[in-house]
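Source file: start-v1.txt; contents: compact mmCIF, C-alpha atoms and all ligand atoms.
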```
# COMPACT_ATOMS: atom_id res chain seq x y z
CA MET A 120 121.70 79.62 -22.94
CA ASP A 121 122.71 78.05 -19.65
CA THR A 122 126.14 79.19 -18.54
CA GLN A 123 126.16 76.75 -15.61
CA ALA A 124 126.19 73.91 -18.08
CA GLN A 125 129.10 75.41 -20.03
CA THR A 126 131.47 76.84 -17.44
CA GLY A 127 131.36 74.30 -14.62
CA GLU A 128 134.44 72.53 -13.32
CA SER A 129 135.57 70.53 -16.27
CA SER A 130 137.60 68.53 -13.75
CA ALA A 131 134.52 66.65 -12.47
CA SER A 132 135.17 62.97 -13.12
CA HIS A 133 132.81 60.71 -15.01
CA ALA A 134 131.85 59.00 -11.74
CA GLN A 135 131.07 62.37 -10.10
CA ARG A 136 128.93 63.51 -13.01
CA LEU A 137 127.12 60.15 -13.06
CA GLU A 138 126.32 60.60 -9.35
CA ARG A 139 125.06 64.12 -9.99
CA LEU A 140 122.87 62.87 -12.84
CA ALA A 141 121.46 60.20 -10.50
CA GLU A 142 120.79 62.86 -7.84
CA VAL A 143 119.07 65.13 -10.39
CA ALA A 144 117.01 62.17 -11.66
CA VAL A 145 115.76 61.31 -8.16
CA LYS A 146 115.39 64.81 -6.63
CA VAL A 147 114.46 66.96 -9.66
CA GLY A 148 113.12 64.36 -12.10
CA LEU A 149 111.04 62.32 -9.66
CA GLY A 150 110.87 64.38 -6.46
CA LEU A 151 110.81 60.90 -4.86
CA LYS A 152 109.15 60.88 -1.42
CA PRO A 153 110.11 58.72 1.58
CA GLY A 154 108.19 55.44 1.55
CA GLN A 155 107.56 55.54 -2.22
CA GLU A 156 108.28 52.53 -4.39
CA LEU A 157 110.21 53.11 -7.61
CA VAL A 158 109.88 51.16 -10.88
CA ILE A 159 112.80 51.60 -13.31
CA THR A 160 113.01 50.44 -16.94
CA ALA A 161 116.46 50.53 -18.54
CA PRO A 162 118.66 49.06 -21.28
CA LEU A 163 121.13 46.49 -19.97
CA GLU A 164 124.13 48.67 -20.94
CA THR A 165 123.03 51.39 -18.49
CA VAL A 166 123.62 49.39 -15.29
CA PRO A 167 126.10 51.91 -13.78
CA LEU A 168 123.51 54.73 -13.93
CA VAL A 169 120.73 52.39 -12.71
CA ARG A 170 122.86 51.50 -9.67
CA ALA A 171 123.68 55.15 -8.94
CA ILE A 172 119.97 56.04 -9.18
CA THR A 173 119.07 53.10 -6.94
CA VAL A 174 121.52 54.38 -4.29
CA GLU A 175 120.05 57.91 -4.51
CA ALA A 176 116.49 56.53 -4.35
CA TYR A 177 117.15 54.56 -1.16
CA LYS A 178 118.93 57.61 0.34
CA ALA A 179 115.76 59.58 -0.43
CA GLY A 180 113.71 56.99 1.49
CA ALA A 181 112.44 54.68 -1.28
CA SER A 182 110.71 51.61 0.16
CA LEU A 183 111.65 49.39 -2.80
CA VAL A 184 113.39 49.91 -6.14
CA THR A 185 112.57 47.38 -8.89
CA THR A 186 114.31 47.52 -12.28
CA PHE A 187 113.28 45.87 -15.55
CA PHE A 188 116.14 45.61 -18.05
CA SER A 189 115.77 45.34 -21.81
CA ASP A 190 118.44 43.61 -23.88
CA ASP A 191 119.10 44.39 -27.56
CA ALA A 192 120.50 40.90 -28.22
CA ALA A 193 117.31 39.32 -26.87
CA THR A 194 115.19 41.62 -29.06
CA LEU A 195 117.20 40.61 -32.15
CA ALA A 196 116.96 36.91 -31.21
CA ARG A 197 113.18 37.23 -31.48
CA PHE A 198 113.44 38.63 -35.02
CA ALA A 199 115.99 35.96 -36.00
CA HIS A 200 114.30 32.90 -34.50
CA GLY A 201 110.77 33.81 -33.29
CA SER A 202 107.80 32.23 -35.07
CA ASP A 203 105.74 34.52 -37.29
CA ALA A 204 102.70 34.34 -35.01
CA ALA A 205 104.85 35.51 -32.05
CA PHE A 206 104.97 39.09 -33.35
CA ASP A 207 101.43 39.83 -32.17
CA THR A 208 102.37 38.94 -28.58
CA ALA A 209 103.24 41.42 -25.83
CA ALA A 210 103.88 41.12 -22.09
CA GLY A 211 100.48 42.46 -21.04
CA TRP A 212 100.91 40.98 -17.55
CA LEU A 213 104.03 43.12 -17.07
CA TYR A 214 102.32 46.37 -18.06
CA SER A 215 99.23 45.57 -15.93
CA GLY A 216 101.62 45.00 -13.04
CA MET A 217 103.30 48.33 -13.66
CA ALA A 218 99.89 50.00 -13.84
CA ASP A 219 99.05 48.43 -10.44
CA ALA A 220 102.28 49.76 -9.01
CA TYR A 221 101.61 53.33 -10.28
CA ARG A 222 98.01 53.19 -9.04
CA ASN A 223 99.35 52.19 -5.62
CA GLY A 224 101.75 55.13 -5.50
CA ALA A 225 104.98 53.87 -7.10
CA ALA A 226 107.05 56.43 -9.02
CA ARG A 227 108.32 55.58 -12.52
CA LEU A 228 111.76 56.22 -14.01
CA ALA A 229 112.72 55.27 -17.57
CA ILE A 230 116.29 55.37 -18.84
CA SER A 231 116.55 55.88 -22.58
CA GLY A 232 119.75 54.87 -24.33
CA ASP A 233 118.49 52.57 -27.02
CA ASP A 234 120.32 51.73 -30.23
CA PRO A 235 118.40 53.86 -32.78
CA ALA A 236 119.39 51.48 -35.59
CA LEU A 237 118.63 48.22 -33.75
CA LEU A 238 115.72 47.18 -35.97
CA ALA A 239 116.94 48.87 -39.15
CA GLY A 240 117.52 45.62 -41.06
CA GLN A 241 114.38 43.82 -39.85
CA ASP A 242 111.12 43.08 -41.65
CA THR A 243 109.15 46.35 -41.28
CA ALA A 244 105.83 44.49 -41.13
CA LYS A 245 107.05 42.42 -38.15
CA VAL A 246 108.46 45.53 -36.46
CA ALA A 247 105.10 47.28 -36.92
CA ARG A 248 103.14 44.27 -35.57
CA ALA A 249 105.41 43.92 -32.53
CA ASN A 250 105.10 47.66 -31.82
CA ARG A 251 101.36 47.61 -32.19
CA ALA A 252 101.00 44.63 -29.84
CA ARG A 253 103.27 46.32 -27.30
CA SER A 254 101.48 49.69 -27.62
CA LYS A 255 98.10 48.03 -27.03
CA ALA A 256 99.35 46.03 -24.03
CA TYR A 257 101.04 49.14 -22.62
CA VAL A 258 97.86 51.29 -22.64
CA PRO A 259 96.90 50.75 -18.94
CA ALA A 260 100.36 51.83 -17.76
CA LEU A 261 100.77 54.57 -20.37
CA GLU A 262 97.45 56.21 -19.49
CA LEU A 263 98.51 56.56 -15.86
CA ILE A 264 101.83 58.01 -16.97
CA ALA A 265 100.32 60.37 -19.57
CA ASN A 266 97.74 61.57 -17.03
CA PHE A 267 100.44 62.08 -14.37
CA ALA A 268 98.68 59.78 -11.91
CA THR A 269 102.11 59.46 -10.32
CA ASN A 270 105.46 61.27 -10.43
CA TRP A 271 107.72 60.09 -13.25
CA THR A 272 110.76 61.01 -15.30
CA ILE A 273 112.88 59.94 -18.26
CA VAL A 274 116.67 60.42 -18.28
CA SER A 275 119.25 59.24 -20.77
CA ALA A 276 122.44 57.24 -20.45
CA ALA A 277 125.03 56.87 -23.21
CA THR A 278 125.44 53.42 -24.70
CA LYS A 279 127.93 52.28 -27.36
CA PRO A 280 125.37 51.51 -30.08
CA TRP A 281 123.64 54.86 -29.53
CA ALA A 282 127.00 56.71 -29.55
CA ARG A 283 127.89 54.98 -32.83
CA SER A 284 124.78 56.47 -34.48
CA VAL A 285 125.44 59.99 -33.16
CA PHE A 286 129.20 60.00 -33.94
CA PRO A 287 129.58 57.54 -36.83
CA GLY A 288 133.14 58.69 -37.70
CA LEU A 289 134.68 58.35 -34.23
CA PRO A 290 136.32 55.39 -32.46
CA GLU A 291 133.82 53.69 -30.13
CA ASP A 292 135.29 54.90 -26.81
CA GLU A 293 135.60 58.49 -27.99
CA ALA A 294 132.04 58.45 -29.36
CA LEU A 295 130.79 57.13 -26.01
CA SER A 296 132.60 59.80 -24.04
CA ARG A 297 131.39 62.59 -26.39
CA LEU A 298 127.80 61.37 -25.97
CA TRP A 299 128.16 61.31 -22.18
CA ASP A 300 129.51 64.90 -22.31
CA ALA A 301 126.45 65.97 -24.31
CA ILE A 302 124.09 64.20 -21.88
CA PHE A 303 125.74 65.69 -18.78
CA ALA A 304 125.68 69.20 -20.31
CA ALA A 305 122.06 69.02 -21.49
CA SER A 306 120.99 67.52 -18.13
CA ARG A 307 122.64 70.48 -16.35
CA VAL A 308 124.88 68.35 -14.14
CA ASP A 309 128.18 69.87 -15.38
CA GLY A 310 128.20 72.78 -12.94
CA PRO A 311 128.88 72.65 -9.20
CA ASP A 312 125.22 73.01 -8.18
CA PRO A 313 122.90 71.08 -10.53
CA LEU A 314 119.89 71.44 -8.21
CA ALA A 315 120.16 75.26 -8.28
CA ALA A 316 120.66 75.18 -12.07
CA TRP A 317 117.42 73.23 -12.40
CA GLU A 318 115.57 75.67 -10.13
CA ASP A 319 116.62 78.56 -12.41
CA HIS A 320 115.74 76.63 -15.56
CA ASN A 321 112.28 75.66 -14.27
CA ALA A 322 111.62 79.29 -13.29
CA ALA A 323 112.49 80.43 -16.84
CA LEU A 324 110.21 77.81 -18.44
CA HIS A 325 107.35 78.71 -16.06
CA ALA A 326 107.71 82.42 -16.90
CA ARG A 327 107.41 81.57 -20.61
CA MET A 328 104.32 79.41 -19.98
CA ASP A 329 102.69 82.20 -17.99
CA ILE A 330 103.14 84.66 -20.89
CA LEU A 331 101.56 82.22 -23.37
CA ASN A 332 98.73 81.30 -20.99
CA GLY A 333 98.06 85.03 -20.48
CA HIS A 334 97.39 85.46 -24.22
CA ARG A 335 94.87 82.56 -24.44
CA PHE A 336 95.65 82.22 -28.16
CA ALA A 337 93.10 80.42 -30.34
CA ALA A 338 95.83 79.24 -32.73
CA LEU A 339 99.51 79.41 -33.63
CA ARG A 340 100.75 80.09 -37.14
CA PHE A 341 104.17 78.79 -38.27
CA VAL A 342 105.65 80.41 -41.39
CA GLY A 343 108.99 79.63 -43.06
CA PRO A 344 110.52 77.73 -45.99
CA GLY A 345 108.00 75.05 -47.02
CA THR A 346 105.79 75.82 -44.05
CA ASP A 347 102.59 77.80 -43.61
CA LEU A 348 100.72 75.97 -40.89
CA THR A 349 97.92 77.12 -38.61
CA VAL A 350 97.57 74.98 -35.50
CA GLY A 351 94.29 75.63 -33.68
CA LEU A 352 94.63 75.11 -29.93
CA ALA A 353 92.24 72.97 -27.88
CA ASP A 354 89.49 74.75 -25.94
CA ASP A 355 90.59 75.38 -22.32
CA HIS A 356 94.15 74.38 -23.28
CA GLU A 357 96.97 75.34 -20.97
CA TRP A 358 100.68 75.64 -21.75
CA CYS A 359 102.89 73.17 -19.87
CA GLY A 360 106.64 72.95 -19.35
CA GLY A 361 109.35 72.20 -16.81
CA ALA A 362 108.40 71.00 -13.34
CA SER A 363 104.75 70.09 -12.83
CA VAL A 364 102.63 68.69 -10.00
CA SER A 365 101.35 65.17 -10.61
CA ARG A 366 97.98 64.01 -9.34
CA ASN A 367 99.58 62.47 -6.25
CA GLY A 368 100.68 66.00 -5.30
CA ILE A 369 104.39 65.42 -6.00
CA THR A 370 106.32 67.88 -8.20
CA CYS A 371 108.37 66.17 -10.89
CA ASN A 372 110.29 67.01 -14.08
CA ALA A 373 109.07 64.37 -16.52
CA ASN A 374 111.91 64.88 -19.01
CA ILE A 375 115.58 65.44 -18.27
CA PRO A 376 116.64 67.39 -20.25
CA THR A 377 113.70 69.62 -21.20
CA GLU A 378 113.70 72.89 -23.13
CA GLU A 379 110.11 72.96 -24.43
CA VAL A 380 106.85 74.64 -23.54
CA PHE A 381 103.97 72.72 -25.06
CA THR A 382 100.21 72.45 -25.24
CA THR A 383 97.35 70.53 -26.84
CA PRO A 384 96.26 71.39 -30.39
CA HIS A 385 92.64 71.04 -31.46
CA LYS A 386 92.38 67.77 -33.39
CA ASP A 387 90.00 69.27 -36.00
CA ARG A 388 91.57 72.75 -36.41
CA VAL A 389 94.94 72.27 -38.09
CA ASP A 390 95.31 73.58 -41.65
CA GLY A 391 98.12 74.17 -44.12
CA THR A 392 101.46 72.74 -45.08
CA VAL A 393 104.46 71.95 -42.91
CA THR A 394 107.99 70.77 -43.71
CA SER A 395 110.23 69.02 -41.18
CA THR A 396 113.42 70.86 -40.22
CA LYS A 397 115.34 67.86 -38.80
CA PRO A 398 115.26 64.16 -39.64
CA LEU A 399 112.91 61.97 -37.60
CA SER A 400 114.48 58.78 -36.31
CA TYR A 401 111.70 56.24 -36.04
CA GLN A 402 112.58 52.66 -35.07
CA GLY A 403 115.69 52.36 -37.15
CA THR A 404 114.41 54.37 -40.10
CA LEU A 405 115.47 57.94 -40.77
CA ILE A 406 112.51 59.87 -42.15
CA GLU A 407 113.82 63.05 -43.80
CA GLY A 408 112.22 65.95 -45.62
CA ILE A 409 108.70 65.27 -44.39
CA GLN A 410 106.04 67.42 -46.09
CA VAL A 411 102.50 67.17 -44.84
CA ARG A 412 99.29 68.99 -45.68
CA PHE A 413 96.49 69.21 -43.13
CA GLU A 414 92.82 69.94 -43.74
CA GLU A 415 90.51 70.41 -40.75
CA GLY A 416 93.03 68.67 -38.51
CA ARG A 417 93.57 65.65 -40.71
CA ILE A 418 96.65 64.81 -42.80
CA VAL A 419 95.44 64.65 -46.41
CA GLU A 420 98.87 64.47 -48.07
CA ALA A 421 102.17 63.17 -46.69
CA THR A 422 105.49 62.75 -48.45
CA ALA A 423 109.09 62.36 -47.31
CA ARG A 424 112.42 62.50 -49.14
CA THR A 425 113.46 59.28 -47.36
CA GLY A 426 111.44 56.82 -45.27
CA GLY A 427 108.14 57.84 -46.89
CA ASP A 428 106.86 54.24 -46.77
CA VAL A 429 107.41 54.09 -42.99
CA LEU A 430 105.71 57.47 -42.54
CA ALA A 431 102.74 56.22 -44.57
CA LYS A 432 102.44 53.15 -42.29
CA VAL A 433 102.70 55.25 -39.14
CA ILE A 434 99.83 57.55 -40.07
CA GLU A 435 97.66 54.54 -40.84
CA THR A 436 98.03 53.17 -37.28
CA ASP A 437 94.59 54.53 -36.36
CA GLU A 438 92.38 57.56 -37.10
CA GLY A 439 94.16 59.66 -34.46
CA ALA A 440 97.58 58.99 -36.00
CA ARG A 441 96.70 61.49 -38.78
CA ARG A 442 96.02 64.27 -36.30
CA LEU A 443 98.06 66.30 -33.84
CA GLY A 444 98.32 65.65 -30.11
CA GLU A 445 101.00 68.20 -29.19
CA VAL A 446 102.53 71.47 -30.30
CA ALA A 447 105.72 72.67 -28.62
CA LEU A 448 107.92 75.75 -28.82
CA VAL A 449 111.70 75.58 -28.38
CA PRO A 450 114.04 78.45 -29.32
CA ALA A 451 116.53 77.69 -32.11
CA SER A 452 119.31 78.78 -29.70
CA SER A 453 118.55 76.04 -27.13
CA ALA A 454 121.71 74.31 -25.89
CA ILE A 455 120.72 71.01 -27.51
CA SER A 456 120.06 72.73 -30.83
CA THR A 457 123.39 74.60 -30.90
CA SER A 458 125.28 71.34 -30.25
CA GLY A 459 124.42 70.70 -33.91
CA LEU A 460 124.07 66.99 -33.17
CA LEU A 461 121.32 64.70 -34.32
CA PHE A 462 120.71 62.35 -31.39
CA TYR A 463 118.28 59.87 -33.00
CA ASN A 464 116.48 60.00 -29.63
CA THR A 465 113.23 61.90 -29.09
CA LEU A 466 114.13 63.06 -25.58
CA TYR A 467 117.05 64.99 -27.09
CA ASP A 468 115.94 65.83 -30.61
CA GLU A 469 112.53 67.20 -29.56
CA ASN A 470 114.33 69.64 -27.28
CA ALA A 471 116.36 71.01 -30.18
CA ALA A 472 113.49 72.65 -32.09
CA SER A 473 109.83 73.61 -32.03
CA HIS A 474 107.84 70.50 -32.88
CA ILE A 475 104.46 68.88 -33.38
CA ALA A 476 103.44 65.35 -32.45
CA LEU A 477 101.13 63.06 -34.35
CA GLY A 478 98.79 61.06 -32.12
CA GLN A 479 97.86 61.00 -28.46
CA ALA A 480 97.34 64.31 -26.58
CA TYR A 481 98.38 64.92 -22.95
CA SER A 482 95.31 65.51 -20.75
CA LYS A 483 97.54 67.54 -18.42
CA CYS A 484 97.70 70.52 -20.80
CA PHE A 485 94.26 71.80 -19.84
CA ARG A 486 93.08 74.30 -17.25
CA GLU A 487 93.23 72.85 -13.74
CA GLY A 488 95.45 70.12 -15.19
CA GLY A 489 92.49 68.50 -16.95
CA ALA A 490 92.05 66.37 -13.83
CA GLN A 491 88.31 66.92 -13.73
CA PHE A 492 87.81 66.02 -17.42
CA SER A 493 86.49 62.67 -18.60
CA GLU A 494 87.57 61.23 -21.97
CA ALA A 495 84.40 62.70 -23.48
CA ASP A 496 85.20 66.15 -21.97
CA LEU A 497 88.72 66.02 -23.39
CA SER A 498 87.49 64.97 -26.82
CA ALA A 499 84.83 67.71 -26.85
CA ARG A 500 87.62 70.26 -26.21
CA GLY A 501 89.64 68.89 -29.14
CA ALA A 502 92.13 66.49 -27.50
CA ASN A 503 93.27 63.78 -29.91
CA ARG A 504 93.44 60.06 -29.12
CA SER A 505 95.75 57.50 -30.70
CA LEU A 506 98.03 54.57 -29.92
CA ILE A 507 100.99 56.61 -31.15
CA HIS A 508 102.68 59.85 -30.08
CA ILE A 509 105.48 60.81 -32.46
CA ASP A 510 107.25 64.16 -32.21
CA TRP A 511 108.89 65.74 -35.25
CA MET A 512 110.72 69.00 -35.65
CA ILE A 513 109.27 71.94 -37.54
CA GLY A 514 111.22 74.82 -35.94
CA SER A 515 114.47 76.47 -37.02
CA ALA A 516 116.14 79.88 -37.18
CA GLU A 517 114.10 80.46 -40.37
CA ILE A 518 110.67 79.99 -38.79
CA ASP A 519 108.39 82.75 -37.47
CA VAL A 520 105.54 81.96 -35.10
CA ASP A 521 102.50 84.16 -34.48
CA GLY A 522 99.79 83.66 -31.89
CA LEU A 523 96.31 84.25 -33.31
CA THR A 524 93.68 85.61 -30.95
CA ALA A 525 90.04 84.49 -31.10
CA GLU A 526 89.36 87.70 -33.10
CA GLY A 527 92.05 86.70 -35.61
CA ARG A 528 94.66 89.27 -34.52
CA ALA A 529 98.27 88.06 -35.01
CA ILE A 530 100.75 88.64 -32.17
CA PRO A 531 104.44 87.80 -32.81
CA VAL A 532 105.62 84.93 -30.55
CA MET A 533 108.89 83.91 -32.27
CA ARG A 534 110.95 85.60 -34.95
CA ALA A 535 113.72 83.72 -36.75
CA GLY A 536 113.30 80.92 -34.22
CA GLU A 537 113.73 83.10 -31.10
CA TRP A 538 111.25 84.37 -28.50
CA VAL A 539 109.83 87.85 -29.04
CA ASP A 540 109.75 89.56 -25.64
ZN ZN B 601 107.33 67.77 -26.90
ZN ZN B 602 105.79 64.75 -27.48
```
Can you present the structure in this file as structure tokens?
Ligand code: ZN
Ligand code: ZN
Amino acid sequence: MDTQAQTGESSASHAQRLERLAEVAVKVGLGLKPGQELVITAPLETVPLVRAITVEAYKAGASLVTTFFSDDAATLARFAHGSDAAFDTAAGWLYSGMADAYRNGAARLAISGDDPALLAGQDTAKVARANRARSKAYVPALELIANFATNWTIVSAATKPWARSVFPGLPEDEALSRLWDAIFAASRVDGPDPLAAWEDHNAALHARMDILNGHRFAALRFVGPGTDLTVGLADDHEWCGGASVSRNGITCNANIPTEEVFTTPHKDRVDGTVTSTKPLSYQGTLIEGIQVRFEEGRIVEATARTGGDVLAKVIETDEGARRLGEVALVPASSAISTSGLLFYNTLYDENAASHIALGQAYSKCFREGGAQFSEADLSARGANRSLIHIDWMIGSAEIDVDGLTAEGRAIPVMRAGEWVD
């Protein structure tokens, strides 16, 4: 799809590509402005990228860069030695502080590179409690992020434990270098001019959004093996994708990479059956062969070939966890999809196929950016609310997608997983 990512100088060193990724993160991902503070969260193993980003941020005029590192060994120590009661505790003070920073104009950058299997052997009840406590404590910060109160982005960095999951058969160093190659290619920093490559890519995503917004579809219908699903779209929904303007007026690319155009489904208007087309990696558990039936927006039946017990727990998180908060279209020929890899990382896997997300909706995907809407306004238009937001893949080269107009007319949107022009 993107020749720049494929045919660039293969001679660029790792250090050069890391610098380019840092530059793309700061200039394209964040659009960081002089005088802005920057808050970074990152796994400990990603220090080299954090440092490169910190250099780029100060070059761009950042007033202060503050990084919070997470450490897998410390997380495991809690499960090995923490008291039972400790699993309902979360660092609320930290997330309130982050929320303060975002409210006062700080930008936010998250580096994802976590070990997908970190908690695989742990007590699932403790994992669920710890997640729930963290999700609740995180709400003040997450709301500002989800509502684009400030400019933010997520980028990935390869880590050894992550590489081990993606390339289980390879020696550790080779797996790490293969994962870096995939990240650099998908992040469009392989070619000589990554900033120009991102300008072209954003223009293509915006053109696709404009076509979909022009139709003002009432619903989408997905049909393929094991799937016949009608996803009603929220009233006044708008398609989003690529670069967008946050409420502080700064243009950012919230996900690097990104291949999706997405919008808000109506929480009460989803009907039919859907089968997952790729495994969902959820906190150390691989949930495969998901089959779900919706009635009036609500999941009434859910099974999975593996990980069904975890799926059942997830959809019981709260009432909104049984309903959809996002629907996204990604062609089956996207660069991440054709890599044929399963990344066990949402940032990558959700950009490999059309997907839906259980849980929280993005208020941004409404006309005028939803900025003028209160919670009650959003809910009246069909936006879902939940503590969770979990994307899973329902697209493939075997799936057709139609847009349904308010009058019920079907207009082809995708055939065999590709855009119909
Ligand atoms: Zn998505
Ligand atoms: Zn999502």
Sort by chain and increasing residue number a table of all residues of chain A within 12 Å of ligand ZN 602 (chain B), each with its closest pair of atoms and their distance in Å to one decimal, counting only C-alpha atoms and all ligand atoms, and write it as CSV.
```
residue,atom,partner,partner_atom,distance
A:Ala265,CA,B:ZN602,ZN,10.6
A:Cys359,CA,B:ZN602,ZN,11.7
A:Gly360,CA,B:ZN602,ZN,11.6
A:Ala373,CA,B:ZN602,ZN,11.4
A:Asn374,CA,B:ZN602,ZN,10.5
A:Thr377,CA,B:ZN602,ZN,11.2
A:Glu379,CA,B:ZN602,ZN,9.8
A:Val380,CA,B:ZN602,ZN,10.7
A:Phe381,CA,B:ZN602,ZN,8.5
A:Thr382,CA,B:ZN602,ZN,9.8
A:Thr383,CA,B:ZN602,ZN,10.2
A:Pro384,CA,B:ZN602,ZN,12.0
A:Leu443,CA,B:ZN602,ZN,10.1
A:Gly444,CA,B:ZN602,ZN,8.0
A:Glu445,CA,B:ZN602,ZN,6.1
A:Val446,CA,B:ZN602,ZN,8.0
A:Ala447,CA,B:ZN602,ZN,8.0
A:Leu448,CA,B:ZN602,ZN,11.3
A:Asn464,CA,B:ZN602,ZN,11.9
A:Thr465,CA,B:ZN602,ZN,8.1
A:Leu466,CA,B:ZN602,ZN,8.7
A:Tyr467,CA,B:ZN602,ZN,11.3
A:Asp468,CA,B:ZN602,ZN,10.7
A:Glu469,CA,B:ZN602,ZN,7.5
A:Asn470,CA,B:ZN602,ZN,9.8
A:Ala472,CA,B:ZN602,ZN,12.0
A:Ser473,CA,B:ZN602,ZN,10.7
A:His474,CA,B:ZN602,ZN,8.2
A:Ile475,CA,B:ZN602,ZN,7.3
A:Ala476,CA,B:ZN602,ZN,5.5
A:Leu477,CA,B:ZN602,ZN,8.5
A:Gly478,CA,B:ZN602,ZN,9.2
A:Gln479,CA,B:ZN602,ZN,8.8
A:Ala480,CA,B:ZN602,ZN,8.5
A:Tyr481,CA,B:ZN602,ZN,8.7
A:Cys484,CA,B:ZN602,ZN,12.0
A:Ile507,CA,B:ZN602,ZN,10.1
A:His508,CA,B:ZN602,ZN,6.4
A:Ile509,CA,B:ZN602,ZN,6.4
A:Asp510,CA,B:ZN602,ZN,5.0
A:Trp511,CA,B:ZN602,ZN,8.4
A:Met512,CA,B:ZN602,ZN,10.4
```
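Atom to atom, CA of Ala192 (chain A) and CA of Trp281 (chain A) stand 14.4 Å apart.
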Identify the residues around (127.1, 62.5, -24.7) within a radius of 10 Å, measuring from all atoms listed in the file in the coordinates stated by the file, and give them as a compact mmCIF listing (two decimals) with C-alpha atoms, in the coordinates of the input.
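Once everything was written out, this is point.txt:
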```txt
# COMPACT_ATOMS: atom_id res chain seq x y z
CA SER A 275 119.25 59.24 -20.77
CA ALA A 276 122.44 57.24 -20.45
CA ALA A 277 125.03 56.87 -23.21
CA THR A 278 125.44 53.42 -24.70
CA TRP A 281 123.64 54.86 -29.53
CA ALA A 282 127.00 56.71 -29.55
CA VAL A 285 125.44 59.99 -33.16
CA PHE A 286 129.20 60.00 -33.94
CA GLU A 293 135.60 58.49 -27.99
CA ALA A 294 132.04 58.45 -29.36
CA LEU A 295 130.79 57.13 -26.01
CA SER A 296 132.60 59.80 -24.04
CA ARG A 297 131.39 62.59 -26.39
CA LEU A 298 127.80 61.37 -25.97
CA TRP A 299 128.16 61.31 -22.18
CA ASP A 300 129.51 64.90 -22.31
CA ALA A 301 126.45 65.97 -24.31
CA ILE A 302 124.09 64.20 -21.88
CA PHE A 303 125.74 65.69 -18.78
CA ALA A 304 125.68 69.20 -20.31
CA ALA A 305 122.06 69.02 -21.49
CA PHE A 462 120.71 62.35 -31.39
```
*asked:* Rounded to one decimal, what separation in Å do you get between CA of Leu405 (chain A) and CA of Ser515 (chain A)?
replied: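 We find that CA of Leu405 (chain A) and CA of Ser515 (chain A) lie 18.9 Å from each other.
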_Contact residues around Gly368 (chain A) with only C-alpha atoms at 12 Å, ignoring same-chain residues under 4 positions, as an MDAnalysis selection string_ = chainID A and resid 149:152 224 267:270 363:364 488
*Which residue, A:Glu291, A:Glu526, A:Glu357, A:Glu378, has the smallest gap to ligand ZN 601 (chain B) when you use only C-alpha atoms and all ligand atoms?*
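The closest residue to ligand ZN 601 (chain B) is A:Glu378.
CA of Val147 (chain A) to CA of Ala322 (chain A) spans 13.2 Å [interatomic distance, one decimal].
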*Find the residue from A:Phe341, A:Trp538, A:Phe485, A:Phe336 that sits nearest to Ala502 (chain A); use all atoms listed in the file when measuring.*
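The shortest atom-to-atom distance to Ala502 (chain A) comes from A:Phe485.
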*Any idea what's packed within 8 Å of region 225-228 of chain A, counting only C-alpha atoms, ignoring anything in its chain fewer than 2 positions away? Could you give it as an MDAnalysis selection string?*
chainID A and resid 149 151 155:160 220:223 230 269:274
_Nearest residue to Arg486 (chain A) out of A:Leu261, A:Val411, A:Ala338, A:Ala353, using all atoms listed in the file?_
A:Ala353
_Contacts of Gly391 (chain A) at 6 Å (all atoms listed in the file; same-chain gap of 4+ positions) as a PyMOL selection string_ = chain A and resi 347-348+412-413
Quick one: axis-aligned box around all listed atoms of region 291-306 of chain A, 3 Å on every side, centre and edge lengths in Å to one decimal, written as AutoDock Vina command-line options.
```
--center_x 128.3 --center_y 61.4 --center_z -24.1 --size_x 20.6 --size_y 21.5 --size_z 18.0
```
*Write out as a ChimeraX atom specification each polymer residue whose atoms come within 10 Å of Arg340 (chain A), counting only C-alpha atoms; drop sequence neighbours fewer than 4 positions from it.*
/A:346-351,389-391,519-523,529-532
*Nearest to His385 (chain A) among A:Asp242, A:Thr422, A:Ala171, A:Ala337, with distances taken over only C-alpha atoms: which residue is it?*
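Of all the options, A:Ala337 lies closest to His385 (chain A).
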*Rank A:Gly333, A:Pro376, A:Pro311, A:Pro235 by their smallest atom-to-atom distance to His356 (chain A), using only C-alpha atoms, and report the top residue only.*
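Among the listed residues, A:Gly333 lies closest to His356 (chain A).
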